[in-house]
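Novice: Hey, dropping run35.txt in here, compact mmCIF, N, CA and C atoms:
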# COMPACT_ATOMS: atom_id res chain seq x y z
N MET G 568 163.89 170.79 20.19
CA MET G 568 164.15 169.68 21.08
C MET G 568 165.13 170.08 22.18
N PHE G 569 166.06 170.98 21.83
CA PHE G 569 167.07 171.42 22.78
C PHE G 569 166.42 172.12 23.99
N ILE G 570 165.38 172.89 23.74
CA ILE G 570 164.70 173.62 24.82
C ILE G 570 163.60 172.76 25.45
N ALA G 571 163.05 171.83 24.72
CA ALA G 571 161.90 171.05 25.20
C ALA G 571 162.23 170.18 26.40
N ILE G 572 163.36 169.51 26.40
CA ILE G 572 163.68 168.58 27.50
C ILE G 572 163.82 169.31 28.84
N PRO G 573 164.61 170.39 28.93
CA PRO G 573 164.66 171.10 30.23
C PRO G 573 163.31 171.71 30.61
N SER G 574 162.55 172.14 29.61
CA SER G 574 161.24 172.73 29.90
C SER G 574 160.29 171.71 30.49
N PHE G 575 160.26 170.50 29.94
CA PHE G 575 159.40 169.45 30.49
C PHE G 575 159.82 169.07 31.91
N ALA G 576 161.12 169.02 32.15
CA ALA G 576 161.61 168.71 33.51
C ALA G 576 161.16 169.77 34.49
N LEU G 577 161.24 171.04 34.09
CA LEU G 577 160.81 172.13 34.97
C LEU G 577 159.30 172.09 35.20
N LEU G 578 158.52 171.88 34.15
CA LEU G 578 157.07 171.80 34.30
C LEU G 578 156.67 170.64 35.20
N TYR G 579 157.33 169.51 35.06
CA TYR G 579 157.03 168.35 35.89
C TYR G 579 157.36 168.63 37.36
N SER G 580 158.50 169.24 37.62
CA SER G 580 158.89 169.51 39.01
C SER G 580 158.00 170.58 39.64
N MET G 581 157.50 171.52 38.84
CA MET G 581 156.60 172.54 39.38
C MET G 581 155.27 171.96 39.79
N ASP G 582 154.85 170.88 39.15
CA ASP G 582 153.56 170.28 39.43
C ASP G 582 153.61 169.26 40.56
N GLU G 583 154.81 168.95 41.04
CA GLU G 583 154.94 167.99 42.13
C GLU G 583 154.35 168.59 43.41
N VAL G 584 153.72 167.77 44.18
CA VAL G 584 153.14 168.21 45.43
C VAL G 584 153.86 167.47 46.55
N VAL G 585 154.11 168.17 47.64
CA VAL G 585 154.79 167.57 48.77
C VAL G 585 153.99 166.37 49.25
N VAL G 586 154.66 165.22 49.39
CA VAL G 586 153.98 163.98 49.76
C VAL G 586 153.45 164.04 51.19
N ASP G 587 154.25 164.52 52.10
CA ASP G 587 153.84 164.55 53.51
C ASP G 587 154.07 165.95 54.08
N PRO G 588 153.18 166.91 53.77
CA PRO G 588 153.38 168.27 54.25
C PRO G 588 153.17 168.37 55.76
N ALA G 589 153.84 169.33 56.37
CA ALA G 589 153.66 169.56 57.81
C ALA G 589 152.28 170.13 58.10
N ILE G 590 151.81 170.99 57.21
CA ILE G 590 150.51 171.64 57.40
C ILE G 590 149.77 171.67 56.07
N THR G 591 148.47 171.41 56.11
CA THR G 591 147.61 171.57 54.95
C THR G 591 146.60 172.67 55.26
N ILE G 592 146.55 173.67 54.39
CA ILE G 592 145.62 174.78 54.57
C ILE G 592 144.71 174.82 53.36
N LYS G 593 143.41 174.88 53.60
CA LYS G 593 142.44 174.99 52.51
C LYS G 593 141.97 176.44 52.45
N ALA G 594 142.12 177.07 51.29
CA ALA G 594 141.69 178.44 51.07
C ALA G 594 140.45 178.42 50.19
N ILE G 595 139.34 178.92 50.72
CA ILE G 595 138.07 178.93 49.99
C ILE G 595 137.74 180.38 49.63
N GLY G 596 137.68 180.66 48.34
CA GLY G 596 137.41 182.01 47.88
C GLY G 596 135.93 182.33 47.84
N HIS G 597 135.58 183.47 48.42
CA HIS G 597 134.21 184.00 48.37
C HIS G 597 134.30 185.39 47.74
N GLN G 598 133.19 185.92 47.32
CA GLN G 598 133.23 187.29 46.83
C GLN G 598 133.57 188.20 48.01
N TRP G 599 134.71 188.86 47.93
CA TRP G 599 135.18 189.87 48.87
C TRP G 599 135.90 189.32 50.10
N TYR G 600 136.04 188.01 50.26
CA TYR G 600 136.82 187.49 51.40
C TYR G 600 137.24 186.05 51.14
N TRP G 601 138.12 185.53 52.00
CA TRP G 601 138.59 184.15 51.94
C TRP G 601 138.30 183.45 53.25
N THR G 602 138.01 182.17 53.19
CA THR G 602 137.88 181.33 54.38
C THR G 602 139.06 180.37 54.38
N TYR G 603 139.69 180.21 55.54
CA TYR G 603 140.84 179.31 55.66
C TYR G 603 140.53 178.19 56.64
N GLU G 604 140.95 176.98 56.29
CA GLU G 604 140.77 175.81 57.16
C GLU G 604 142.12 175.15 57.37
N TYR G 605 142.50 175.01 58.63
CA TYR G 605 143.69 174.23 58.99
C TYR G 605 143.17 172.84 59.33
N SER G 606 143.11 171.96 58.36
CA SER G 606 142.46 170.66 58.56
C SER G 606 143.32 169.66 59.33
N ASP G 607 144.59 169.94 59.53
CA ASP G 607 145.47 169.02 60.26
C ASP G 607 145.25 169.07 61.76
N TYR G 608 144.50 170.04 62.22
CA TYR G 608 144.36 170.23 63.66
C TYR G 608 142.97 169.88 64.18
N ASN G 609 142.36 168.85 63.63
CA ASN G 609 141.09 168.40 64.18
C ASN G 609 141.29 167.05 64.85
N SER G 610 140.53 166.84 65.90
CA SER G 610 140.66 165.57 66.62
C SER G 610 139.27 165.06 66.97
N GLY G 611 138.92 163.94 66.41
CA GLY G 611 137.65 163.29 66.74
C GLY G 611 136.43 164.14 66.49
N ASP G 612 135.82 164.62 67.57
CA ASP G 612 134.57 165.36 67.48
C ASP G 612 134.75 166.80 67.00
N GLU G 613 135.94 167.34 67.18
CA GLU G 613 136.16 168.74 66.85
C GLU G 613 136.28 168.95 65.35
N GLN G 614 135.84 170.12 64.91
CA GLN G 614 136.00 170.49 63.51
C GLN G 614 137.39 171.10 63.33
N SER G 615 137.78 171.27 62.08
CA SER G 615 139.08 171.88 61.82
C SER G 615 139.05 173.36 62.20
N LEU G 616 140.23 173.91 62.41
CA LEU G 616 140.37 175.33 62.72
C LEU G 616 140.00 176.12 61.47
N THR G 617 138.91 176.89 61.54
CA THR G 617 138.39 177.62 60.38
C THR G 617 138.14 179.07 60.75
N PHE G 618 138.51 179.99 59.84
CA PHE G 618 138.22 181.41 60.08
C PHE G 618 138.11 182.13 58.74
N ASP G 619 137.40 183.27 58.77
CA ASP G 619 137.25 184.12 57.60
C ASP G 619 138.26 185.25 57.66
N SER G 620 138.70 185.70 56.50
CA SER G 620 139.68 186.77 56.41
C SER G 620 139.16 187.84 55.44
N TYR G 621 138.79 189.00 56.00
CA TYR G 621 138.25 190.10 55.21
C TYR G 621 139.29 191.21 55.08
N THR G 622 139.28 191.89 53.94
CA THR G 622 140.14 193.05 53.75
C THR G 622 139.64 194.19 54.64
N ILE G 623 140.58 194.89 55.28
CA ILE G 623 140.21 196.04 56.11
C ILE G 623 139.79 197.17 55.17
N PRO G 624 138.64 197.82 55.45
CA PRO G 624 138.14 198.89 54.56
C PRO G 624 139.16 200.01 54.38
N GLU G 625 139.11 200.64 53.21
CA GLU G 625 140.05 201.72 52.87
C GLU G 625 140.01 202.86 53.87
N ASP G 626 138.85 203.17 54.41
CA ASP G 626 138.73 204.31 55.31
C ASP G 626 139.05 203.98 56.76
N ASP G 627 139.53 202.76 57.04
CA ASP G 627 139.77 202.35 58.42
C ASP G 627 141.18 201.76 58.66
N PRO G 628 142.20 202.19 57.90
CA PRO G 628 143.52 201.60 58.15
C PRO G 628 144.22 202.29 59.33
N GLU G 629 145.08 201.54 59.98
CA GLU G 629 145.91 202.12 61.04
C GLU G 629 147.23 202.55 60.42
N LEU G 630 147.98 203.35 61.14
CA LEU G 630 149.27 203.83 60.66
C LEU G 630 150.19 202.64 60.38
N GLY G 631 150.78 202.61 59.21
CA GLY G 631 151.70 201.54 58.84
C GLY G 631 151.06 200.36 58.13
N GLN G 632 149.74 200.36 58.01
CA GLN G 632 149.07 199.25 57.32
C GLN G 632 149.03 199.52 55.81
N SER G 633 149.13 198.46 55.04
CA SER G 633 149.09 198.58 53.58
C SER G 633 147.65 198.68 53.10
N ARG G 634 147.40 199.68 52.26
CA ARG G 634 146.06 199.93 51.75
C ARG G 634 145.62 198.79 50.83
N LEU G 635 144.43 198.26 51.05
CA LEU G 635 143.79 197.20 50.27
C LEU G 635 144.49 195.84 50.37
N LEU G 636 145.49 195.71 51.24
CA LEU G 636 146.17 194.43 51.42
C LEU G 636 146.04 193.89 52.84
N GLU G 637 145.77 194.75 53.78
CA GLU G 637 145.67 194.35 55.19
C GLU G 637 144.34 193.64 55.44
N VAL G 638 144.37 192.58 56.25
CA VAL G 638 143.16 191.81 56.56
C VAL G 638 142.93 191.77 58.06
N ASP G 639 141.71 191.38 58.44
CA ASP G 639 141.38 191.32 59.86
C ASP G 639 141.92 190.06 60.53
N ASN G 640 142.02 188.95 59.81
CA ASN G 640 142.58 187.70 60.34
C ASN G 640 143.64 187.19 59.39
N ARG G 641 144.87 187.14 59.86
CA ARG G 641 145.98 186.69 59.02
C ARG G 641 146.17 185.18 59.11
N VAL G 642 146.66 184.60 58.02
CA VAL G 642 147.06 183.20 58.02
C VAL G 642 148.47 183.16 58.61
N VAL G 643 148.67 182.30 59.59
CA VAL G 643 149.98 182.19 60.25
C VAL G 643 150.54 180.80 59.96
N VAL G 644 151.78 180.77 59.47
CA VAL G 644 152.45 179.50 59.16
C VAL G 644 153.87 179.55 59.70
N PRO G 645 154.43 178.40 60.05
CA PRO G 645 155.82 178.38 60.51
C PRO G 645 156.80 178.52 59.34
N GLU G 646 157.97 179.04 59.64
CA GLU G 646 158.98 179.16 58.59
C GLU G 646 159.71 177.84 58.39
N LYS G 647 160.31 177.69 57.21
CA LYS G 647 161.09 176.50 56.85
C LYS G 647 160.30 175.20 57.03
N THR G 648 159.05 175.23 56.64
CA THR G 648 158.16 174.08 56.74
C THR G 648 157.42 173.92 55.42
N HIS G 649 157.27 172.69 54.97
CA HIS G 649 156.54 172.44 53.72
C HIS G 649 155.04 172.51 53.99
N LEU G 650 154.35 173.31 53.17
CA LEU G 650 152.92 173.52 53.32
C LEU G 650 152.20 173.09 52.05
N ARG G 651 151.04 172.52 52.21
CA ARG G 651 150.16 172.23 51.07
C ARG G 651 148.99 173.21 51.17
N ILE G 652 148.75 173.93 50.09
CA ILE G 652 147.63 174.87 50.03
C ILE G 652 146.63 174.30 49.03
N ILE G 653 145.41 174.05 49.49
CA ILE G 653 144.33 173.59 48.62
C ILE G 653 143.41 174.78 48.38
N VAL G 654 143.14 175.08 47.13
CA VAL G 654 142.39 176.28 46.77
C VAL G 654 141.13 175.89 46.01
N THR G 655 140.00 176.47 46.42
CA THR G 655 138.73 176.24 45.75
C THR G 655 137.83 177.45 45.97
N PRO G 656 136.88 177.72 45.08
CA PRO G 656 135.95 178.83 45.31
C PRO G 656 134.62 178.33 45.85
N ALA G 657 133.90 179.23 46.48
CA ALA G 657 132.54 178.92 46.93
C ALA G 657 131.51 179.45 45.94
N ASP G 658 131.93 180.33 45.04
CA ASP G 658 130.97 180.96 44.14
C ASP G 658 131.53 181.13 42.72
N VAL G 659 132.32 182.15 42.50
CA VAL G 659 132.86 182.45 41.17
C VAL G 659 134.36 182.14 41.14
N PRO G 660 134.98 182.11 39.97
CA PRO G 660 136.43 181.85 39.92
C PRO G 660 137.23 182.90 40.69
N HIS G 661 138.25 182.44 41.36
CA HIS G 661 139.17 183.30 42.10
C HIS G 661 140.59 182.87 41.76
N SER G 662 141.56 183.61 42.26
CA SER G 662 142.95 183.22 42.08
C SER G 662 143.70 183.62 43.34
N TRP G 663 144.10 182.65 44.14
CA TRP G 663 144.80 182.88 45.41
C TRP G 663 146.26 183.13 45.09
N ALA G 664 146.79 184.28 45.49
CA ALA G 664 148.17 184.62 45.14
C ALA G 664 148.87 185.32 46.30
N VAL G 665 150.15 185.00 46.44
CA VAL G 665 151.05 185.72 47.35
C VAL G 665 152.28 186.05 46.50
N PRO G 666 152.27 187.23 45.85
CA PRO G 666 153.32 187.56 44.89
C PRO G 666 154.74 187.52 45.46
N SER G 667 154.94 187.95 46.69
CA SER G 667 156.29 187.97 47.25
C SER G 667 156.84 186.57 47.51
N LEU G 668 155.99 185.56 47.55
CA LEU G 668 156.43 184.17 47.67
C LEU G 668 156.46 183.47 46.31
N GLY G 669 156.01 184.17 45.27
CA GLY G 669 156.01 183.60 43.93
C GLY G 669 154.99 182.49 43.75
N VAL G 670 153.84 182.61 44.42
CA VAL G 670 152.83 181.56 44.32
C VAL G 670 151.50 182.15 43.87
N LYS G 671 150.85 181.43 42.97
CA LYS G 671 149.52 181.81 42.48
C LYS G 671 148.81 180.52 42.10
N CYS G 672 147.57 180.38 42.54
CA CYS G 672 146.82 179.16 42.26
C CYS G 672 145.38 179.54 41.94
N ASP G 673 144.91 179.13 40.77
CA ASP G 673 143.55 179.45 40.35
C ASP G 673 142.54 178.61 41.10
N ALA G 674 141.41 179.24 41.43
CA ALA G 674 140.30 178.55 42.10
C ALA G 674 139.14 178.51 41.12
N VAL G 675 138.87 177.33 40.60
CA VAL G 675 137.83 177.13 39.59
C VAL G 675 136.65 176.40 40.24
N PRO G 676 135.41 176.89 40.05
CA PRO G 676 134.26 176.23 40.67
C PRO G 676 134.19 174.74 40.32
N GLY G 677 133.91 173.93 41.34
CA GLY G 677 133.79 172.49 41.16
C GLY G 677 135.10 171.74 41.13
N ARG G 678 136.19 172.42 41.48
CA ARG G 678 137.50 171.80 41.38
C ARG G 678 138.38 172.19 42.57
N LEU G 679 139.22 171.26 43.03
CA LEU G 679 140.21 171.55 44.06
C LEU G 679 141.58 171.62 43.40
N ASN G 680 142.24 172.76 43.50
CA ASN G 680 143.61 172.89 43.01
C ASN G 680 144.52 172.94 44.22
N GLN G 681 145.76 172.50 44.04
CA GLN G 681 146.68 172.55 45.17
C GLN G 681 148.06 173.00 44.71
N THR G 682 148.77 173.59 45.64
CA THR G 682 150.14 174.02 45.40
C THR G 682 150.92 173.81 46.69
N SER G 683 152.22 173.81 46.57
CA SER G 683 153.08 173.64 47.73
C SER G 683 153.97 174.86 47.88
N ILE G 684 154.18 175.26 49.12
CA ILE G 684 155.11 176.36 49.38
C ILE G 684 155.92 176.04 50.62
N SER G 685 157.04 176.71 50.73
CA SER G 685 157.87 176.63 51.91
C SER G 685 158.37 178.04 52.18
N VAL G 686 157.90 178.65 53.26
CA VAL G 686 158.29 180.01 53.61
C VAL G 686 159.65 179.94 54.28
N GLN G 687 160.64 180.59 53.69
CA GLN G 687 162.01 180.49 54.20
C GLN G 687 162.36 181.52 55.26
N ARG G 688 161.68 182.68 55.23
CA ARG G 688 161.98 183.73 56.20
C ARG G 688 160.73 184.20 56.91
N GLU G 689 160.89 184.54 58.15
CA GLU G 689 159.79 185.08 58.94
C GLU G 689 159.44 186.46 58.40
N GLY G 690 158.15 186.79 58.43
CA GLY G 690 157.73 188.10 57.96
C GLY G 690 156.25 188.13 57.65
N VAL G 691 155.81 189.28 57.17
CA VAL G 691 154.42 189.46 56.76
C VAL G 691 154.40 189.47 55.23
N TYR G 692 153.64 188.55 54.67
CA TYR G 692 153.52 188.43 53.22
C TYR G 692 152.06 188.70 52.86
N TYR G 693 151.85 189.61 51.91
CA TYR G 693 150.49 189.99 51.55
C TYR G 693 149.98 189.17 50.38
N GLY G 694 148.78 188.64 50.54
CA GLY G 694 148.13 187.88 49.48
C GLY G 694 146.99 188.67 48.89
N GLN G 695 146.50 188.19 47.77
CA GLN G 695 145.40 188.87 47.11
C GLN G 695 144.73 187.93 46.12
N CYS G 696 143.55 188.31 45.70
CA CYS G 696 142.87 187.59 44.63
C CYS G 696 143.32 188.23 43.32
N SER G 697 143.85 187.44 42.43
CA SER G 697 144.37 187.97 41.16
C SER G 697 143.41 187.77 40.00
N GLU G 698 142.15 187.61 40.29
CA GLU G 698 141.14 187.37 39.26
C GLU G 698 140.16 188.53 39.27
N ILE G 699 139.91 189.12 38.12
CA ILE G 699 138.97 190.23 38.02
C ILE G 699 137.79 189.78 37.16
N TRP G 700 136.59 189.92 37.70
CA TRP G 700 135.37 189.54 36.98
C TRP G 700 134.42 190.72 36.93
N ASN G 701 133.81 190.92 35.80
CA ASN G 701 132.83 192.01 35.67
C ASN G 701 131.43 191.49 35.81
Rewrite the structure of this file - the entire thing - as structure tokens.

Specialist:
Amino acid sequence: MFIAIPSFALLYSMDEVVVDPAITIKAIGHQWYWTYEYSDYNSGDEQSLTFDSYTIPEDDPELGQSRLLEVDNRVVVPEKTHLRIIVTPADVPHSWAVPSLGVKCDAVPGRLNQTSISVQREGVYYGQCSEIWN
């Protein structure tokens, strides 16, 4: 009981989602790439800002790029802002993760999962799919 009460408080606070985030980004996992949608930036007839993000091939990196982590289109977010990330797959299970920010969210077919983050410092943070399927 001594450990249970603080543990429940921590689990509850980890599951809280920001009520009014500055930006909502939807990450859709595909085999070998991710699609990102900035849904807060659509007006009337226009669709949301959407783009695909593919890993740069191993044989084509530039000097200073991280192998197997660099992508052709990066997600850009402002610092010190609350973000809502909605994660879902288009095909098989995925897991959207940015280890240096301490965030990981599973993408299960037929389900929308969400997490909240707040990037405190400007920089380049590398994400990856943390799910391996044979």

Novice: Using only C-alpha atoms, can you tell me which of G:Lys647, G:Ser606, G:Tyr600, G:Ala576 comes closest to Pro624 of chain G?

Specialist: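 Smallest separation from Pro624 of chain G among the options: G:Tyr600.
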
Novice: Kindly give the distance, in Å, that separates atom CA of Cys672 of chain G and atom CA of Ile652 of chain G, rounded to a single decimal.

Specialist: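 Atom-to-atom, atom CA of Cys672 of chain G to atom CA of Ile652 of chain G, that is 8.9 Å.
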
Novice: Can you list, as a ChimeraX atom specification, all residues belonging to chain G that DSSP tags as alpha helix (DSSP H)?

Specialist: /G:571-582

Novice: With N, CA and C atoms kept, could you save the residues just selected as a tab-separated table (two decimals), in the coordinates of the input?

Specialist:
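So result_0.tsv came out as:
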chain	number	residue	atom	x	y	z
G	571	ALA	N	163.05	171.83	24.72
G	571	ALA	CA	161.90	171.05	25.20
G	571	ALA	C	162.23	170.18	26.40
G	572	ILE	N	163.36	169.51	26.40
G	572	ILE	CA	163.68	168.58	27.50
G	572	ILE	C	163.82	169.31	28.84
G	573	PRO	N	164.61	170.39	28.93
G	573	PRO	CA	164.66	171.10	30.23
G	573	PRO	C	163.31	171.71	30.61
G	574	SER	N	162.55	172.14	29.61
G	574	SER	CA	161.24	172.73	29.90
G	574	SER	C	160.29	171.71	30.49
G	575	PHE	N	160.26	170.50	29.94
G	575	PHE	CA	159.40	169.45	30.49
G	575	PHE	C	159.82	169.07	31.91
G	576	ALA	N	161.12	169.02	32.15
G	576	ALA	CA	161.61	168.71	33.51
G	576	ALA	C	161.16	169.77	34.49
G	577	LEU	N	161.24	171.04	34.09
G	577	LEU	CA	160.81	172.13	34.97
G	577	LEU	C	159.30	172.09	35.20
G	578	LEU	N	158.52	171.88	34.15
G	578	LEU	CA	157.07	171.80	34.30
G	578	LEU	C	156.67	170.64	35.20
G	579	TYR	N	157.33	169.51	35.06
G	579	TYR	CA	157.03	168.35	35.89
G	579	TYR	C	157.36	168.63	37.36
G	580	SER	N	158.50	169.24	37.62
G	580	SER	CA	158.89	169.51	39.01
G	580	SER	C	158.00	170.58	39.64
G	581	MET	N	157.50	171.52	38.84
G	581	MET	CA	156.60	172.54	39.38
G	581	MET	C	155.27	171.96	39.79
G	582	ASP	N	154.85	170.88	39.15
G	582	ASP	CA	153.56	170.28	39.43
G	582	ASP	C	153.61	169.26	40.56

Novice: Quick check, in Å to one decimal: how far apart do atom C of Val675 of chain G and atom C of Asp658 of chain G lie?

Specialist: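 Going from atom C of Val675 of chain G over to atom C of Asp658 of chain G covers 7.4 Å.
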
Novice: Please build the interface table for segment 679-699 of chain G against segment 629-638 of chain G with a cut-off of 8 Å, listing for each qualifying residue the nearest atom pair and the distance in Å to one decimal; count all atoms listed in the file, order rows by chain and increasing number, and write it as a Markdown table.

Specialist:
| residue | atom | partner | partner_atom | distance |
| --- | --- | --- | --- | --- |
| G:Tyr692 | C | G:Leu636 | C | 7.9 |
| G:Tyr693 | CA | G:Leu636 | C | 6.1 |
| G:Gly694 | C | G:Leu636 | CA | 6.3 |
| G:Gln695 | CA | G:Leu636 | CA | 7.1 |
